[in-house]
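Shown next, in structure tokens, is the structure this report addresses.
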Amino acid sequence: MAEKRDYYEVLGVAKGATDEEIKKAYRKMAKKYHPDLNPDNQEAEAKFKEVNEAFQVLSDSEKRQNYDRFGHAGVDPNFGGGAGGYGGFGGGFDFGDIFGDIFGGFGGGRSSARRNAPQRGRDIGAELTITFEEAAFGCEKEISLYRTEFCPECDGSGAKKGSEVTTCPTCGGSGQVRTTQRTILGNMQTVSTCSACGGKGKIVKEPCQKCAGKGKVRKQRKIKVKIPAGIDHGQSISLGGQGDVGDKGAPNGDLFVTVSVKPHELFQRSRYDVQCEVPITFVQATLGAELEVPTLDGKVKYTIPEGTQSGTVFRLKGKGIPVLQRSGRGDQYVKVNVEIPKHLSAKQKSLLEEFEKLDKGNNHAKQKSFFEKMRGFKKE
């Protein structure tokens, strides 16, 4: 017989763990290995029993004290006492408080009804790439995808037309089987999916050839998707009921379309604002000029004042992205950058040199201030 593992190790808690930490750890481990979530998995079933045993000792102050002093010998009735045995649990143990948030109960009642109820269809996902402008103003697109639907040949029954479908003799049509396990806590009932019918409660004698008795097939479909104005890169759109088909009497899953937005040549986005950079000449910056600026609505005229510095940002109110599912729009911010010419003719150089002589630094206040500070600078 394999040596028992340390109970604290089983639950993954420290020896000095509080009662609440032990209960929280047990809840997590019990959910992970519960037979209902791991049908026909003997390893998970063994782990579940081990977790239950560890919790029953560590959640009882007297048993825990004996375990901390004597180890497994202090709580094993085969050693003649220690923890007073497990006879006090003779009729079984109520797990309702532990499994309430996991299964809504344990061993029967409402939880069994839920597990045996028709299952909702699976949610599916798709990706769609759109342009910057389409994201800004919205559009309608058509996507192609595969999803599970009822088999058109057998209408979801899984049986060949005209063949007989009988109630599963193993589970009596419930789709579940109950197993009584004798544990250190007493008799404990667990519910698992019937392996004979796969939880359907019916036995198909002649399976439908088109769906191999599954009742469902994968189909390729084209679906139109309305993209709302203002959607951003990475956001998703939910289309209710457009996912995989559910069981008979259960709703379909949903379709989630994740949007990718192509980068724009001129614009960058910041929430609902648009940013762009416009190069201007030295003369335009100095004398001022009327610029032609691109926006999402088309080109607009914008006048910059004389003496505009490189890096200055101007705001175009209401020229940004429409706010998603609300009224209003963001703004556009235009940053002007002065482009310094590189290849000047002799005449151009001469004119600039003449300009420099005439200027005498009077129009370069920042440069003048800098050199004044430089004169007072001393290296330590």
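Ligands are numbered from 1 in the order shown, residues from 1 within each chain, and chains are lettered A, B, ... in the order they appear in the structure tokens.
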**Contact residues around Lys63 in chain A with only C-alpha atoms at 8 Å, ignoring same-chain residues under 5 positions, as a ChimeraX atom specification** = /A:57-58,74-75,83
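Omitting range 236-238 of chain A and its sequence neighbours fewer than 4 positions away, and counting only C-alpha atoms, the residues within 7 Å are A:Asp254, A:Leu255, A:Phe256, A:Val257, A:Thr258, A:Val259.
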**Item:** Who sits within 10 Å of Val10 in chain A, only C-alpha atoms, same chain under 3 positions skipped, as a list in words
**Value:**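 Listed by chain and then number, they are Lys4, Arg5, Asp6, Tyr7, Val13, Ala25, Tyr26, Met29, Lys47, Glu50, Val51, Asn52, Glu53, Ala54 and Phe55 of chain A.
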Mind writing the picked residues with N, CA and C atoms as a CSV table (one decimal), in the first residue's frame?
```csv
chain,number,residue,atom,x,y,z
A,4,LYS,N,0.7,7.3,2.7
A,4,LYS,CA,-0.1,8.5,2.5
A,4,LYS,C,0.7,9.8,2.5
A,5,ARG,N,0.2,10.7,1.6
A,5,ARG,CA,0.9,12.0,1.6
A,5,ARG,C,0.5,12.9,2.7
A,6,ASP,N,1.3,13.8,3.0
A,6,ASP,CA,1.0,14.8,4.1
A,6,ASP,C,-0.2,15.6,3.7
A,7,TYR,N,-1.2,15.7,4.7
A,7,TYR,CA,-2.4,16.4,4.4
A,7,TYR,C,-2.3,17.8,4.0
A,13,VAL,N,-1.4,23.8,1.3
A,13,VAL,CA,-1.3,24.9,2.3
A,13,VAL,C,-0.2,24.7,3.2
A,25,ALA,N,-8.7,26.3,0.1
A,25,ALA,CA,-7.8,25.4,-0.7
A,25,ALA,C,-8.6,24.1,-1.0
A,26,TYR,N,-9.4,23.6,-0.1
A,26,TYR,CA,-10.2,22.4,-0.3
A,26,TYR,C,-11.3,22.7,-1.4
A,29,MET,N,-9.4,22.5,-4.8
A,29,MET,CA,-9.0,21.1,-5.1
A,29,MET,C,-10.2,20.2,-5.4
A,47,LYS,N,-7.7,11.3,-6.4
A,47,LYS,CA,-7.3,12.6,-5.8
A,47,LYS,C,-8.4,13.2,-5.0
A,50,GLU,N,-8.6,11.6,-1.7
A,50,GLU,CA,-7.5,12.1,-0.9
A,50,GLU,C,-7.7,13.5,-0.3
A,51,VAL,N,-8.2,14.4,-1.2
A,51,VAL,CA,-8.5,15.8,-0.8
A,51,VAL,C,-9.6,15.8,0.3
A,52,ASN,N,-10.6,15.0,0.2
A,52,ASN,CA,-11.7,14.9,1.2
A,52,ASN,C,-11.1,14.4,2.5
A,53,GLU,N,-10.3,13.4,2.5
A,53,GLU,CA,-9.7,12.9,3.7
A,53,GLU,C,-8.9,14.0,4.4
A,54,ALA,N,-8.1,14.7,3.6
A,54,ALA,CA,-7.2,15.7,4.2
A,54,ALA,C,-8.0,16.8,4.8
A,55,PHE,N,-9.1,17.2,4.1
A,55,PHE,CA,-9.9,18.3,4.6
A,55,PHE,C,-10.6,17.9,5.9
```
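Using only C-alpha atoms, the shortest contact distance between Ser174 in chain A and any of A:Thr129, A:Thr303, A:Thr286, A:Thr193 is found at A:Thr193.
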Might you pull out every residue within 10 Å of Gly320 in chain A, with only C-alpha atoms counted and same-chain residues fewer than 4 positions away left off, and present them as a PDB file with all heavy atoms, in the first residue's frame?
```pdb
ATOM      1  N   ALA A 136     -13.662  53.965 -37.741  1.00  0.00           N
ATOM      2  CA  ALA A 136     -14.125  55.271 -37.272  1.00  0.00           C
ATOM      3  C   ALA A 136     -15.614  55.466 -37.516  1.00  0.00           C
ATOM      4  O   ALA A 136     -16.350  55.917 -36.619  1.00  0.00           O
ATOM      5  CB  ALA A 136     -13.334  56.380 -37.955  1.00  0.00           C
ATOM      6  N   GLY A 230     -16.677  53.887 -34.242  1.00  0.00           N
ATOM      7  CA  GLY A 230     -15.867  54.148 -33.055  1.00  0.00           C
ATOM      8  C   GLY A 230     -15.194  52.932 -32.465  1.00  0.00           C
ATOM      9  O   GLY A 230     -14.465  53.047 -31.480  1.00  0.00           O
ATOM     10  N   ARG A 269      -4.317  56.872 -33.666  1.00  0.00           N
ATOM     11  CA  ARG A 269      -5.488  57.014 -32.802  1.00  0.00           C
ATOM     12  C   ARG A 269      -5.094  56.968 -31.332  1.00  0.00           C
ATOM     13  O   ARG A 269      -4.240  56.175 -30.925  1.00  0.00           O
ATOM     14  CB  ARG A 269      -6.488  55.896 -33.098  1.00  0.00           C
ATOM     15  CG  ARG A 269      -7.738  55.942 -32.204  1.00  0.00           C
ATOM     16  CD  ARG A 269      -8.773  54.936 -32.659  1.00  0.00           C
ATOM     17  NE  ARG A 269      -9.932  54.921 -31.761  1.00  0.00           N
ATOM     18  CZ  ARG A 269     -11.069  54.279 -31.995  1.00  0.00           C
ATOM     19  NH1 ARG A 269     -11.217  53.599 -33.115  1.00  0.00           N
ATOM     20  NH2 ARG A 269     -12.058  54.313 -31.124  1.00  0.00           N
ATOM     21  N   SER A 270      -5.725  57.811 -30.522  1.00  0.00           N
ATOM     22  CA  SER A 270      -5.577  57.798 -29.069  1.00  0.00           C
ATOM     23  C   SER A 270      -6.975  57.911 -28.473  1.00  0.00           C
ATOM     24  O   SER A 270      -7.559  58.996 -28.441  1.00  0.00           O
ATOM     25  CB  SER A 270      -4.681  58.947 -28.593  1.00  0.00           C
ATOM     26  OG  SER A 270      -4.607  58.978 -27.182  1.00  0.00           O
ATOM     27  N   ARG A 271      -7.544  56.759 -28.076  1.00  0.00           N
ATOM     28  CA  ARG A 271      -8.950  56.676 -27.669  1.00  0.00           C
ATOM     29  C   ARG A 271      -9.839  57.210 -28.793  1.00  0.00           C
ATOM     30  O   ARG A 271      -9.901  56.589 -29.850  1.00  0.00           O
ATOM     31  CB  ARG A 271      -9.184  57.421 -26.353  1.00  0.00           C
ATOM     32  CG  ARG A 271      -8.534  56.729 -25.152  1.00  0.00           C
ATOM     33  CD  ARG A 271      -8.777  57.492 -23.863  1.00  0.00           C
ATOM     34  NE  ARG A 271     -10.199  57.574 -23.554  1.00  0.00           N
ATOM     35  CZ  ARG A 271     -10.887  56.632 -22.906  1.00  0.00           C
ATOM     36  NH1 ARG A 271     -10.289  55.550 -22.503  1.00  0.00           N
ATOM     37  NH2 ARG A 271     -12.185  56.798 -22.645  1.00  0.00           N
ATOM     38  N   TYR A 272     -10.473  58.363 -28.620  1.00  0.00           N
ATOM     39  CA  TYR A 272     -11.323  58.889 -29.685  1.00  0.00           C
ATOM     40  C   TYR A 272     -10.708  60.101 -30.383  1.00  0.00           C
ATOM     41  O   TYR A 272     -11.354  60.724 -31.216  1.00  0.00           O
ATOM     42  CB  TYR A 272     -12.708  59.243 -29.122  1.00  0.00           C
ATOM     43  CG  TYR A 272     -13.439  58.027 -28.610  1.00  0.00           C
ATOM     44  CD1 TYR A 272     -13.628  57.827 -27.240  1.00  0.00           C
ATOM     45  CD2 TYR A 272     -13.906  57.052 -29.485  1.00  0.00           C
ATOM     46  CE1 TYR A 272     -14.278  56.695 -26.768  1.00  0.00           C
ATOM     47  CE2 TYR A 272     -14.550  55.914 -29.021  1.00  0.00           C
ATOM     48  CZ  TYR A 272     -14.734  55.743 -27.662  1.00  0.00           C
ATOM     49  OH  TYR A 272     -15.367  54.623 -27.208  1.00  0.00           O
ATOM     50  N   ASP A 273      -9.464  60.405 -30.058  1.00  0.00           N
ATOM     51  CA  ASP A 273      -8.754  61.493 -30.728  1.00  0.00           C
ATOM     52  C   ASP A 273      -7.882  60.957 -31.848  1.00  0.00           C
ATOM     53  O   ASP A 273      -7.434  59.804 -31.819  1.00  0.00           O
ATOM     54  CB  ASP A 273      -7.884  62.266 -29.730  1.00  0.00           C
ATOM     55  CG  ASP A 273      -8.709  63.013 -28.693  1.00  0.00           C
ATOM     56  OD1 ASP A 273      -9.842  63.408 -29.030  1.00  0.00           O
ATOM     57  OD2 ASP A 273      -8.214  63.206 -27.565  1.00  0.00           O
ATOM     58  N   VAL A 274      -7.655  61.806 -32.839  1.00  0.00           N
ATOM     59  CA  VAL A 274      -6.797  61.466 -33.980  1.00  0.00           C
ATOM     60  C   VAL A 274      -5.589  62.403 -33.970  1.00  0.00           C
ATOM     61  O   VAL A 274      -5.728  63.604 -33.705  1.00  0.00           O
ATOM     62  CB  VAL A 274      -7.565  61.598 -35.312  1.00  0.00           C
ATOM     63  CG1 VAL A 274      -6.630  61.432 -36.500  1.00  0.00           C
ATOM     64  CG2 VAL A 274      -8.675  60.556 -35.374  1.00  0.00           C
ATOM     65  N   GLN A 275      -4.438  61.847 -34.243  1.00  0.00           N
ATOM     66  CA  GLN A 275      -3.213  62.639 -34.297  1.00  0.00           C
ATOM     67  C   GLN A 275      -2.578  62.493 -35.672  1.00  0.00           C
ATOM     68  O   GLN A 275      -2.615  61.412 -36.271  1.00  0.00           O
ATOM     69  CB  GLN A 275      -2.222  62.164 -33.222  1.00  0.00           C
ATOM     70  CG  GLN A 275      -2.772  62.249 -31.808  1.00  0.00           C
ATOM     71  CD  GLN A 275      -1.919  61.496 -30.804  1.00  0.00           C
ATOM     72  OE1 GLN A 275      -1.097  60.673 -31.174  1.00  0.00           O
ATOM     73  NE2 GLN A 275      -2.117  61.790 -29.518  1.00  0.00           N
ATOM     74  N   THR A 295      -8.072  65.280 -42.774  1.00  0.00           N
ATOM     75  CA  THR A 295      -8.888  64.814 -41.652  1.00  0.00           C
ATOM     76  C   THR A 295      -9.705  63.617 -42.139  1.00  0.00           C
ATOM     77  O   THR A 295      -9.747  63.311 -43.337  1.00  0.00           O
ATOM     78  CB  THR A 295      -9.849  65.903 -41.134  1.00  0.00           C
ATOM     79  OG1 THR A 295     -10.908  66.085 -42.085  1.00  0.00           O
ATOM     80  CG2 THR A 295      -9.127  67.220 -40.903  1.00  0.00           C
ATOM     81  N   LEU A 296     -10.382  62.951 -41.222  1.00  0.00           N
ATOM     82  CA  LEU A 296     -11.242  61.827 -41.595  1.00  0.00           C
ATOM     83  C   LEU A 296     -12.406  62.267 -42.477  1.00  0.00           C
ATOM     84  O   LEU A 296     -12.985  61.456 -43.199  1.00  0.00           O
ATOM     85  CB  LEU A 296     -11.772  61.128 -40.335  1.00  0.00           C
ATOM     86  CG  LEU A 296     -10.746  60.350 -39.508  1.00  0.00           C
ATOM     87  CD1 LEU A 296     -11.357  59.888 -38.196  1.00  0.00           C
ATOM     88  CD2 LEU A 296     -10.228  59.150 -40.292  1.00  0.00           C
ATOM     89  N   ASP A 297     -12.753  63.539 -42.425  1.00  0.00           N
ATOM     90  CA  ASP A 297     -13.846  64.070 -43.230  1.00  0.00           C
ATOM     91  C   ASP A 297     -13.365  64.672 -44.548  1.00  0.00           C
ATOM     92  O   ASP A 297     -14.169  65.201 -45.317  1.00  0.00           O
ATOM     93  CB  ASP A 297     -14.601  65.145 -42.438  1.00  0.00           C
ATOM     94  CG  ASP A 297     -15.186  64.583 -41.141  1.00  0.00           C
ATOM     95  OD1 ASP A 297     -15.852  63.549 -41.200  1.00  0.00           O
ATOM     96  OD2 ASP A 297     -14.938  65.182 -40.076  1.00  0.00           O
ATOM     97  N   LEU A 316      -8.072  70.529 -33.840  1.00  0.00           N
ATOM     98  CA  LEU A 316      -9.246  70.657 -34.713  1.00  0.00           C
ATOM     99  C   LEU A 316     -10.415  69.984 -33.981  1.00  0.00           C
ATOM    100  O   LEU A 316     -10.523  68.754 -33.948  1.00  0.00           O
ATOM    101  CB  LEU A 316      -8.998  69.992 -36.068  1.00  0.00           C
ATOM    102  CG  LEU A 316      -7.799  70.523 -36.872  1.00  0.00           C
ATOM    103  CD1 LEU A 316      -7.663  69.758 -38.169  1.00  0.00           C
ATOM    104  CD2 LEU A 316      -7.958  72.007 -37.140  1.00  0.00           C
ATOM    105  N   GLY A 328     -21.353  62.387 -30.185  1.00  0.00           N
ATOM    106  CA  GLY A 328     -20.136  63.176 -30.047  1.00  0.00           C
ATOM    107  C   GLY A 328     -18.940  62.519 -30.723  1.00  0.00           C
ATOM    108  O   GLY A 328     -18.960  61.328 -31.073  1.00  0.00           O
ATOM    109  N   ARG A 329     -17.902  63.320 -30.914  1.00  0.00           N
ATOM    110  CA  ARG A 329     -16.664  62.850 -31.525  1.00  0.00           C
ATOM    111  C   ARG A 329     -15.471  63.408 -30.768  1.00  0.00           C
ATOM    112  O   ARG A 329     -15.553  64.424 -30.068  1.00  0.00           O
ATOM    113  CB  ARG A 329     -16.581  63.307 -32.997  1.00  0.00           C
ATOM    114  CG  ARG A 329     -17.570  62.642 -33.913  1.00  0.00           C
ATOM    115  CD  ARG A 329     -17.479  63.196 -35.322  1.00  0.00           C
ATOM    116  NE  ARG A 329     -16.181  62.946 -35.944  1.00  0.00           N
ATOM    117  CZ  ARG A 329     -15.920  63.180 -37.235  1.00  0.00           C
ATOM    118  NH1 ARG A 329     -16.879  63.680 -38.009  1.00  0.00           N
ATOM    119  NH2 ARG A 329     -14.734  62.925 -37.736  1.00  0.00           N
ATOM    120  N   GLY A 330     -14.352  62.735 -30.926  1.00  0.00           N
ATOM    121  CA  GLY A 330     -13.115  63.238 -30.377  1.00  0.00           C
ATOM    122  C   GLY A 330     -12.566  64.373 -31.227  1.00  0.00           C
ATOM    123  O   GLY A 330     -13.231  64.852 -32.159  1.00  0.00           O
ATOM    124  N   ASP A 331     -11.347  64.805 -30.946  1.00  0.00           N
ATOM    125  CA  ASP A 331     -10.717  65.899 -31.676  1.00  0.00           C
ATOM    126  C   ASP A 331      -9.542  65.381 -32.499  1.00  0.00           C
ATOM    127  O   ASP A 331      -9.087  64.251 -32.314  1.00  0.00           O
ATOM    128  CB  ASP A 331     -10.225  66.969 -30.701  1.00  0.00           C
ATOM    129  CG  ASP A 331     -11.350  67.543 -29.848  1.00  0.00           C
ATOM    130  OD1 ASP A 331     -12.467  67.683 -30.390  1.00  0.00           O
ATOM    131  OD2 ASP A 331     -11.113  67.838 -28.671  1.00  0.00           O
ATOM    132  N   GLN A 332      -9.068  66.224 -33.402  1.00  0.00           N
ATOM    133  CA  GLN A 332      -7.855  65.913 -34.140  1.00  0.00           C
ATOM    134  C   GLN A 332      -6.755  66.881 -33.702  1.00  0.00           C
ATOM    135  O   GLN A 332      -6.982  68.086 -33.584  1.00  0.00           O
ATOM    136  CB  GLN A 332      -8.056  66.015 -35.653  1.00  0.00           C
ATOM    137  CG  GLN A 332      -6.761  65.723 -36.438  1.00  0.00           C
ATOM    138  CD  GLN A 332      -7.009  65.562 -37.916  1.00  0.00           C
ATOM    139  OE1 GLN A 332      -8.065  65.082 -38.323  1.00  0.00           O
ATOM    140  NE2 GLN A 332      -6.032  65.946 -38.728  1.00  0.00           N
ATOM    141  N   TYR A 333      -5.575  66.340 -33.457  1.00  0.00           N
ATOM    142  CA  TYR A 333      -4.430  67.152 -33.049  1.00  0.00           C
ATOM    143  C   TYR A 333      -3.374  67.102 -34.158  1.00  0.00           C
ATOM    144  O   TYR A 333      -2.932  66.017 -34.556  1.00  0.00           O
ATOM    145  CB  TYR A 333      -3.869  66.639 -31.729  1.00  0.00           C
ATOM    146  CG  TYR A 333      -4.806  66.889 -30.571  1.00  0.00           C
ATOM    147  CD1 TYR A 333      -5.779  65.944 -30.220  1.00  0.00           C
ATOM    148  CD2 TYR A 333      -4.754  68.076 -29.854  1.00  0.00           C
ATOM    149  CE1 TYR A 333      -6.654  66.184 -29.171  1.00  0.00           C
ATOM    150  CE2 TYR A 333      -5.638  68.328 -28.803  1.00  0.00           C
ATOM    151  CZ  TYR A 333      -6.581  67.375 -28.469  1.00  0.00           C
ATOM    152  OH  TYR A 333      -7.445  67.618 -27.445  1.00  0.00           O
TER     153      TYR A 333
END
```
**Prompt:** What lies within 12 Å of range 243-248 of chain A using only C-alpha atoms, ignoring chain neighbours under 3 positions off, as an MDAnalysis selection string?
**Reply:** chainID A and resid 116:126 145:151 155:158 199:200 214:221 223 238:240 251:257
**Prompt:** So which one's closest to Gly201 in chain A, A:Gln56, A:Gln181, A:Ser144, A:Thr170? Using only C-alpha atoms, please.
**Reply:**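 With only C-alpha atoms as the atom set, the closest residue is A:Thr170.
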**Message:** Please list as a list in words every residue within 12 Å of Pro341 in chain A, counting only C-alpha atoms and excluding residues in the same chain fewer than 6 positions away.
**Reply:**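 Non-adjacent residues within range: Pro279, Ile280, Thr281, Phe282, Val283, Gln348, Lys349 and Leu352 of chain A.
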Selection export as a JSON list (two decimals), in the first residue's frame, atoms kept: C-alpha atoms:
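again_4.json, freshly written:
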```json
[["chain", "number", "residue", "atom", "x", "y", "z"],
["A", 279, "PRO", "CA", 5.77, 69.03, -42.28],
["A", 280, "ILE", "CA", 6.14, 72.78, -42.96],
["A", 281, "THR", "CA", 8.96, 74.89, -44.39],
["A", 282, "PHE", "CA", 11.17, 77.33, -42.54],
["A", 283, "VAL", "CA", 9.48, 80.20, -44.39],
["A", 348, "GLN", "CA", 19.95, 80.64, -51.09],
["A", 349, "LYS", "CA", 22.93, 80.40, -48.78],
["A", 352, "LEU", "CA", 20.30, 83.28, -45.42]]
```
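Among A:Met188, A:Leu287, A:Val177, A:Val204, the residue with the shortest atom-to-atom distance to Cys154 in chain A, counting only C-alpha atoms, is A:Val204.
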**Request:** Figure out the distance between CA of Lys202 in chain A and CA of Thr166 in chain A, please, to one decimal in Å.
**Result:**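 Separation of CA of Thr166 in chain A and CA of Lys202 in chain A: 5.6 Å.
Each of A:Ile231, A:Val323, A:Ala44, A:Met374 was checked against Lys32 in chain A using only C-alpha atoms; the smallest atom-to-atom distance is that of A:Ala44.
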**Request:** Check range 127-303 of chain A with DSSP on the backbone and list each residue it calls strand (DSSP E or B), as a ChimeraX atom specification.
**Result:** /A:127-130,139-150,159,165-167,176-183,186-193,202-204,207,216-227,236-239,255-261,268-270,273-281,289-295,298-303
**Message:** For the helix (DSSP H, G or I) assignment from backbone DSSP, which residues of range 205-300 of chain A qualify? Please present them as an MDAnalysis selection string.
**Reply:** chainID A and resid 282:287
For the selection just defined, write its residues with N, CA and C atoms to a file, as a JSON list (two decimals), in the first residue's frame.
```json
[["chain", "number", "residue", "atom", "x", "y", "z"],
["A", 282, "PHE", "N", 10.63, 76.28, -43.41],
["A", 282, "PHE", "CA", 11.17, 77.33, -42.54],
["A", 282, "PHE", "C", 10.43, 78.66, -42.78],
["A", 283, "VAL", "N", 10.16, 78.94, -44.03],
["A", 283, "VAL", "CA", 9.48, 80.20, -44.39],
["A", 283, "VAL", "C", 8.05, 80.20, -43.88],
["A", 284, "GLN", "N", 7.34, 79.06, -44.03],
["A", 284, "GLN", "CA", 5.96, 78.97, -43.54],
["A", 284, "GLN", "C", 5.91, 79.17, -42.03],
["A", 285, "ALA", "N", 6.83, 78.55, -41.33],
["A", 285, "ALA", "CA", 6.87, 78.69, -39.88],
["A", 285, "ALA", "C", 7.17, 80.13, -39.47],
["A", 286, "THR", "N", 8.04, 80.78, -40.24],
["A", 286, "THR", "CA", 8.46, 82.15, -39.89],
["A", 286, "THR", "C", 7.38, 83.18, -40.21],
["A", 287, "LEU", "N", 6.83, 83.07, -41.41],
["A", 287, "LEU", "CA", 5.88, 84.10, -41.88],
["A", 287, "LEU", "C", 4.42, 83.74, -41.62]]
```
